[in-house]
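Below is one structure; the comments refer to it alone.
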Amino acid sequence: MSKTMKYFKIALFFLLSTSLSLAEEGMLIPSVIQAFESDMKAMGMKLSAKDIYDVNSSSLKDAVLHFGGGCTAELVSDKGLLLTNHHCGYSQIQSHSSLEKDYLKYGFWAKNYSEELANPGLFAARMVRIDDVTATVLFGIREEMTQTDKFAQMKKNMTTLIEDAEKGTNYKAEIKAFNYGNDYYMIVKEVFTDVRLVGTPPNSIGKFGGDTDNWVWPRHTGDFSVFRVYAGKDNKPASFSSENIPYQPLHFLPISMMPRKTGDFTMVYGFPGTTEQHLVSSQLKYIIDKERPARISMREKSLSVIDAGMRSSDQIRIQYASKQARIANAYKKWIGQVGGLIELGAVEEKEKYELNFQNQTETRPEWKKQYGNLISEMKKVTDEGAKFDFAYAMVVEYVFTGPEMFAQARQFSDLIDNYDELVKSNKLEEKLASMEKGLDGFFKNYNLEVDRKIFELLTAEYVVQMGSSNLPNVLKVNSASTLSKSIYGKSVLVNIEKSKSILKKMNKRSIKKLQKDPGIQLYREIYENFKTEVVPGVRKFNSDMEELLKTFVKAKKEMFPDSKYWADANGTLRITYGKLEGSAPTDGMRYTEHTTTDGIIQKHRTGNPDFELLPDLLDLYKKKDFGTYAQDGDLWVCFTGSNHTTGGNSGSPVIDGEGRLMGLNFDRSWESTMSDYMFDPSRCRNIVVDIRYVLWVMDKYAGATHLVNEMQLEGK
């Protein structure tokens, strides 16, 4: 080998090693972003901290909205046009779909404002400001006070802060704990409740890859949908009205049409849901070895029934599309999460850190006194509380995620418990009318045979997971098959005519009849134990652990002041930054940083139904008419970045160094899902649909060029 070639290989190795270590851990609170400005600029950002977050002038934060409480969306025009993920808008898309108007299969595009579809209950919230109110919340708190007195004083302080923030405005305010109560921030927001569906691609774009590709790379999913925020004539939030007008935002994101390259700066601005970076090793081991595998098993059985049903009938496909996506999303995430944590040796890494922590407490008498027993106390709480946490998780999977019959059982059980009070307060008719209205919506998306099969599989699995000593009597003496025949043959819960009939004739005798209903009896037995034993146990477990975690975080900062710290995600607005880059998560495997439409054709040729394409869409891909949306003759579909993201970041704008929209964050790679507990810079990558592919779909495929024309395209 020549010296030149040798040096070239060394330089190439160094370059690749450097490019794979640029991932930045942490989800930063926007109001403190100035502390990170120089680091972000060193990575390629041209913006200032005030460009990103400013309460006195418009800034990027004003274009980033909390969508429906569980996703993120971004404003992209001066007429309130809003982009989010296809899966974030999926329940709205599904609710507007029918056999006659199959928007799931064929897509939907409003040609003008009058065709845009209302979505009752959907909201989008703009963050007005984020204030550190720790000192005020803790004002008047003394060590000698009882916990009850401390909470009472804090609640009083919070109430005053919220009232002052909302007074004379249309804003809503809330105060949330950060770092397990070491810090408190007040979030002031403007909540828009008239948010209309403007457009959605068909599932063959928006869900391309389905469960096969979910949480994996390479990806070719056009995961986007389009909404519009409406406001009153004063440009302030207003309830739905035909008189409302498109919202004029303080800021909207221009679109980056610039060529992308490895190493480009990327910033994700959104609302990450939950991370738990500080868990003790024994609790993480319980999650990996017991809790996650049990939940995976429960969902696997539900999905086996739902998937078969959806393949058998278009009616069932439409009815269960949103439900299937919701169940499958967490199911596959958990599989990757467990695998990633095991591969990373997460429990062992935690144990090493805990040993180092313990050794550090020995270096000062005050640390030993305050923190010397902290790790052992956390492990003890886990040992005592895990059984309640597990029982809670199993009831969530069985009763609240499994057979939908239980959803109706909850409604009727509530009626039984409150019947006398409803009669006494003259509110019975109102309650019955509400329940009857709810029945129409429930049974519109319900299939008895699908639900029955789910019930049989999950009941048997629930019995196995819980063990006979922890089961209600009805499950000890009856098999899943016996209960299924009784419930799905006789219960009012699975028959709309029976349900409406008993509501119309509601009296004391009806209540007694409902109490004998086999489905309601099963629900009430499970729920009684859940309410009296499991929930109190979980509350104590969580309360005790959070108090210890509060001290743990405080101790970390005190004993290791030079380490990097960030507050766990809690559904509030955060910023992460990194680079556009690929990864090498496993031996012999290197992932490129982007995909193109060539991969769509290749996957389609496998014959897997998750890669189905509509004929006209297939023809369009083959023509390669990409216009101004192409880069070097190819159309980028997705790319990966080294940004730390989690659930809730779905739909988040991925922003370049100039403040322009590069794409919509929609997923993580399977190897990254363990980042909720432990971040690994060598493998953690977020997955983004390129905005140029989004615009190409709107323009070339859907013919919704009027929407593209609304946006401000920069570059090219």
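For the structure tokens, the naming scheme is as follows: chains receive sequential letters (A, B, ...) according to their order of presentation, residues are indexed from 1 within each chain, and ligands are indexed from 1 in presentation order.
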
Write out as JSON lines the residues of range 631-700 of chain A that have any atom within 9 Å of an atom of range 571-576 of chain A, one row each with the nearest atom pair and its distance in Å to one decimal, counting only C-alpha atoms, sorted by chain and then rising number.
{"residue": "A:Asn643", "atom": "CA", "partner": "A:Thr576", "partner_atom": "CA", "distance": 5.8}
{"residue": "A:His644", "atom": "CA", "partner": "A:Thr576", "partner_atom": "CA", "distance": 6.0}
{"residue": "A:Thr645", "atom": "CA", "partner": "A:Thr576", "partner_atom": "CA", "distance": 7.5}
{"residue": "A:Gly648", "atom": "CA", "partner": "A:Gly571", "partner_atom": "CA", "distance": 6.9}

Just C-alpha atoms for this one: save the residues we selected as a PDB file, in the first residue's frame.
ATOM      1  CA  ASN A 643     -31.270  14.959  16.690  1.00  0.00           C
ATOM      2  CA  HIS A 644     -32.507  13.590  20.017  1.00  0.00           C
ATOM      3  CA  THR A 645     -36.256  13.035  19.565  1.00  0.00           C
ATOM      4  CA  GLY A 648     -44.534  14.021  20.486  1.00  0.00           C
TER       5      GLY A 648
END

Under the rule of at most 12 Å, produce a per-residue listing of range 432-463 of chain A near range 311-328 of chain A: chain, number, name, the closest pair of atoms, and the distance in Å, as JSON lines, using only C-alpha atoms.
{"residue": "A:Gly441", "atom": "CA", "partner": "A:Gln319", "partner_atom": "CA", "distance": 10.9}
{"residue": "A:Phe442", "atom": "CA", "partner": "A:Gln319", "partner_atom": "CA", "distance": 10.1}
{"residue": "A:Phe443", "atom": "CA", "partner": "A:Gln319", "partner_atom": "CA", "distance": 9.4}
{"residue": "A:Lys444", "atom": "CA", "partner": "A:Gln319", "partner_atom": "CA", "distance": 7.3}
{"residue": "A:Asn445", "atom": "CA", "partner": "A:Gln319", "partner_atom": "CA", "distance": 4.4}
{"residue": "A:Tyr446", "atom": "CA", "partner": "A:Gln319", "partner_atom": "CA", "distance": 6.6}
{"residue": "A:Asn447", "atom": "CA", "partner": "A:Ile316", "partner_atom": "CA", "distance": 7.1}
{"residue": "A:Leu448", "atom": "CA", "partner": "A:Ile316", "partner_atom": "CA", "distance": 10.6}
{"residue": "A:Glu449", "atom": "CA", "partner": "A:Ile316", "partner_atom": "CA", "distance": 10.5}
{"residue": "A:Val450", "atom": "CA", "partner": "A:Ile316", "partner_atom": "CA", "distance": 8.8}
{"residue": "A:Asp451", "atom": "CA", "partner": "A:Tyr320", "partner_atom": "CA", "distance": 10.8}

Just the selected residues (N, CA and C atoms), exported as an mmCIF file, in the first residue's frame, please.
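Written output follows (out-v9.cif):
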data_model
loop_
_atom_site.group_PDB
_atom_site.id
_atom_site.type_symbol
_atom_site.label_atom_id
_atom_site.label_comp_id
_atom_site.auth_asym_id
_atom_site.auth_seq_id
_atom_site.Cartn_x
_atom_site.Cartn_y
_atom_site.Cartn_z
ATOM 1 N N GLY A 441 -71.312 6.908 17.209
ATOM 2 C CA GLY A 441 -69.905 7.049 16.853
ATOM 3 C C GLY A 441 -69.115 5.778 17.131
ATOM 4 N N PHE A 442 -69.435 5.121 18.245
ATOM 5 C CA PHE A 442 -68.722 3.894 18.614
ATOM 6 C C PHE A 442 -68.972 2.782 17.599
ATOM 7 N N PHE A 443 -70.235 2.509 17.318
ATOM 8 C CA PHE A 443 -70.563 1.375 16.456
ATOM 9 C C PHE A 443 -70.263 1.641 14.981
ATOM 10 N N LYS A 444 -70.076 2.908 14.619
ATOM 11 C CA LYS A 444 -69.662 3.223 13.245
ATOM 12 C C LYS A 444 -68.318 2.566 12.932
ATOM 13 N N ASN A 445 -67.474 2.473 13.934
ATOM 14 C CA ASN A 445 -66.131 1.931 13.746
ATOM 15 C C ASN A 445 -65.918 0.647 14.547
ATOM 16 N N TYR A 446 -66.953 -0.187 14.617
ATOM 17 C CA TYR A 446 -66.875 -1.395 15.450
ATOM 18 C C TYR A 446 -67.300 -2.616 14.654
ATOM 19 N N ASN A 447 -66.537 -3.696 14.830
ATOM 20 C CA ASN A 447 -66.893 -4.979 14.228
ATOM 21 C C ASN A 447 -66.903 -6.030 15.329
ATOM 22 N N LEU A 448 -68.045 -6.654 15.532
ATOM 23 C CA LEU A 448 -68.219 -7.580 16.648
ATOM 24 C C LEU A 448 -67.267 -8.765 16.570
ATOM 25 N N GLU A 449 -67.090 -9.347 15.393
ATOM 26 C CA GLU A 449 -66.244 -10.536 15.275
ATOM 27 C C GLU A 449 -64.777 -10.215 15.539
ATOM 28 N N VAL A 450 -64.340 -9.068 15.065
ATOM 29 C CA VAL A 450 -62.966 -8.646 15.347
ATOM 30 C C VAL A 450 -62.779 -8.486 16.850
ATOM 31 N N ASP A 451 -63.725 -7.816 17.488
ATOM 32 C CA ASP A 451 -63.618 -7.569 18.923
ATOM 33 C C ASP A 451 -63.673 -8.877 19.716
#

With 12 Å as the cut-off and only C-alpha atoms counted, what is the closest atom pair between each nearby residue of range 49-140 of chain A and range 701-705 of chain A? Distances in Å to one decimal, ordered by chain and number, as a Markdown table.
| residue | atom | partner | partner_atom | distance |
| --- | --- | --- | --- | --- |
| A:Tyr106 | CA | A:Ala702 | CA | 10.1 |
| A:Gly107 | CA | A:Ala702 | CA | 8.5 |
| A:Phe108 | CA | A:Ala702 | CA | 8.6 |
| A:Trp109 | CA | A:Ala704 | CA | 6.9 |
| A:Ala110 | CA | A:Ala704 | CA | 8.2 |
| A:Lys111 | CA | A:Ala704 | CA | 7.3 |
| A:Asn112 | CA | A:Ala704 | CA | 10.0 |

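Residues surrounding Gly340 in chain A within 7 Å are Gly336, Leu344, Glu671 and Met674 of chain A [only C-alpha atoms; sequence separation below 4 positions excluded].
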
Writing out the chosen residues with C-alpha atoms as a short mmCIF file (atom, residue, chain, number, x, y, z; two decimals), in the first residue's frame:
data_model
loop_
_atom_site.label_atom_id
_atom_site.label_comp_id
_atom_site.auth_asym_id
_atom_site.auth_seq_id
_atom_site.Cartn_x
_atom_site.Cartn_y
_atom_site.Cartn_z
CA GLY A 336 -36.77 -2.08 19.07
CA LEU A 344 -26.17 -1.16 24.42
CA GLU A 671 -31.86 1.24 16.91
CA MET A 674 -33.99 3.17 23.50
#

(request) Output as a PyMOL selection string all residues of range 336-518 of chain A that backbone DSSP marks as helix (DSSP H, G or I). (result) chain A and resi 336-344+346-361+365-371+374-400+405-424+428-444+448-466+468-470+473-477+480-490+492-494+496-504+508-515+518

(message) I need the residue nearest Lys550 in chain A from this list: A:Glu497, A:Asp223, A:Asp568, A:Asp632. Use only C-alpha atoms for the distance.
(response) A:Asp568

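With distances restricted to only C-alpha atoms, A:Arg452 is the closest residue to Glu404 in chain A from A:Lys233, A:Arg452, A:Arg364, A:Lys41.
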
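Between CA of Tyr286 in chain A and CA of Val381 in chain A lies a distance of 12.4 Å.
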
(request) Would you mind listing what lies within 8 Å of Val338 in chain A as a VMD selection string, with only C-alpha atoms counted and same-chain residues fewer than 3 positions away left out? (result) chain A and resid 288 292 334 to 335 341 to 342 674

(request) Name all residues at most 6 Å from range 453-465 of chain A (count only C-alpha atoms; drop same-chain ones fewer than 6 positions away) and give them as a ChimeraX atom specification. (result) /A:302,403,480

Write a file of the selected residues as an mmCIF file, in the first residue's frame, keeping C-alpha atoms.
data_model
loop_
_atom_site.group_PDB
_atom_site.id
_atom_site.type_symbol
_atom_site.label_atom_id
_atom_site.label_comp_id
_atom_site.auth_asym_id
_atom_site.auth_seq_id
_atom_site.Cartn_x
_atom_site.Cartn_y
_atom_site.Cartn_z
ATOM 1 C CA SER A 302 -54.604 -7.805 19.086
ATOM 2 C CA PRO A 403 -61.394 -5.366 23.412
ATOM 3 C CA ALA A 480 -61.874 -17.078 27.825
#

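If you measure from each of A:Arg509, A:Arg410, A:Lys61, A:Lys332 to Tyr527 in chain A using only C-alpha atoms, the closest one turns out to be A:Arg410.
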
(request) List the neighbours of range 202-204 of chain A out to 7 Å using only C-alpha atoms; skip same-chain residues closer than 2 positions along the sequence, and give me the result as number ranges by chain. (result) A: 103-107, 200, 206-208, 612-614

With 10 Å as the cut-off and only C-alpha atoms counted, what is the closest atom pair between each nearby residue of range 144-238 of chain A and range 69-85 of chain A? Distances in Å to one decimal, ordered by chain and number, as JSON lines.
{"residue": "A:Val195", "atom": "CA", "partner": "A:Leu82", "partner_atom": "CA", "distance": 9.1}
{"residue": "A:Arg196", "atom": "CA", "partner": "A:Leu82", "partner_atom": "CA", "distance": 9.5}
{"residue": "A:Leu197", "atom": "CA", "partner": "A:Leu82", "partner_atom": "CA", "distance": 9.4}
{"residue": "A:Val198", "atom": "CA", "partner": "A:Leu81", "partner_atom": "CA", "distance": 8.5}
{"residue": "A:Gly199", "atom": "CA", "partner": "A:Leu83", "partner_atom": "CA", "distance": 9.7}
{"residue": "A:Thr200", "atom": "CA", "partner": "A:Asn85", "partner_atom": "CA", "distance": 9.6}
{"residue": "A:Gly206", "atom": "CA", "partner": "A:Asn85", "partner_atom": "CA", "distance": 8.2}
{"residue": "A:Gly222", "atom": "CA", "partner": "A:Asn85", "partner_atom": "CA", "distance": 8.6}
{"residue": "A:Asp223", "atom": "CA", "partner": "A:Asn85", "partner_atom": "CA", "distance": 5.1}
{"residue": "A:Phe224", "atom": "CA", "partner": "A:Asn85", "partner_atom": "CA", "distance": 3.9}
{"residue": "A:Ser225", "atom": "CA", "partner": "A:Asn85", "partner_atom": "CA", "distance": 5.5}
{"residue": "A:Val226", "atom": "CA", "partner": "A:Leu83", "partner_atom": "CA", "distance": 4.9}
{"residue": "A:Phe227", "atom": "CA", "partner": "A:Leu82", "partner_atom": "CA", "distance": 4.9}
{"residue": "A:Arg228", "atom": "CA", "partner": "A:Leu81", "partner_atom": "CA", "distance": 4.5}
{"residue": "A:Val229", "atom": "CA", "partner": "A:Gly80", "partner_atom": "CA", "distance": 5.0}
{"residue": "A:Tyr230", "atom": "CA", "partner": "A:Gly80", "partner_atom": "CA", "distance": 6.9}
{"residue": "A:Ala231", "atom": "CA", "partner": "A:Gly80", "partner_atom": "CA", "distance": 9.1}

Can you tell me which residues surround Leu635 in chain A at a distance of at most 7 Å, considering only C-alpha atoms, apart from same-chain residues fewer than 6 positions away, and format the answer as a PDB file with N, CA and C atoms, in the first residue's frame?
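Output saved as part-v7.pdb:
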ATOM      1  N   THR A 596     -34.348   7.892  -1.911  1.00  0.00           N
ATOM      2  CA  THR A 596     -34.980   8.524  -3.071  1.00  0.00           C
ATOM      3  C   THR A 596     -36.167   7.678  -3.540  1.00  0.00           C
ATOM      4  N   THR A 597     -36.843   8.172  -4.551  1.00  0.00           N
ATOM      5  CA  THR A 597     -38.007   7.446  -5.076  1.00  0.00           C
ATOM      6  C   THR A 597     -37.630   6.107  -5.705  1.00  0.00           C
ATOM      7  N   PHE A 626     -39.493  15.276 -11.791  1.00  0.00           N
ATOM      8  CA  PHE A 626     -39.325  15.837 -10.457  1.00  0.00           C
ATOM      9  C   PHE A 626     -39.198  17.358 -10.453  1.00  0.00           C
ATOM     10  N   TYR A 629     -37.973  20.147  -7.738  1.00  0.00           N
ATOM     11  CA  TYR A 629     -37.873  19.469  -6.438  1.00  0.00           C
ATOM     12  C   TYR A 629     -36.724  18.471  -6.395  1.00  0.00           C
ATOM     13  N   TYR A 693     -40.073  16.539  -1.224  1.00  0.00           N
ATOM     14  CA  TYR A 693     -40.942  15.421  -1.606  1.00  0.00           C
ATOM     15  C   TYR A 693     -42.393  15.752  -1.268  1.00  0.00           C
TER      16      TYR A 693
END

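Relative to CA of Ile175 in chain A, CA of Gln370 in chain A is found at 28.5 Å.
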
(request) Please return as a ChimeraX atom specification: the residues of range 110-281 of chain A that backbone DSSP assigns to strand (DSSP E). (result) /A:124-132,172-178,183-192,194-200,225-231,245-246,255-256,265-270
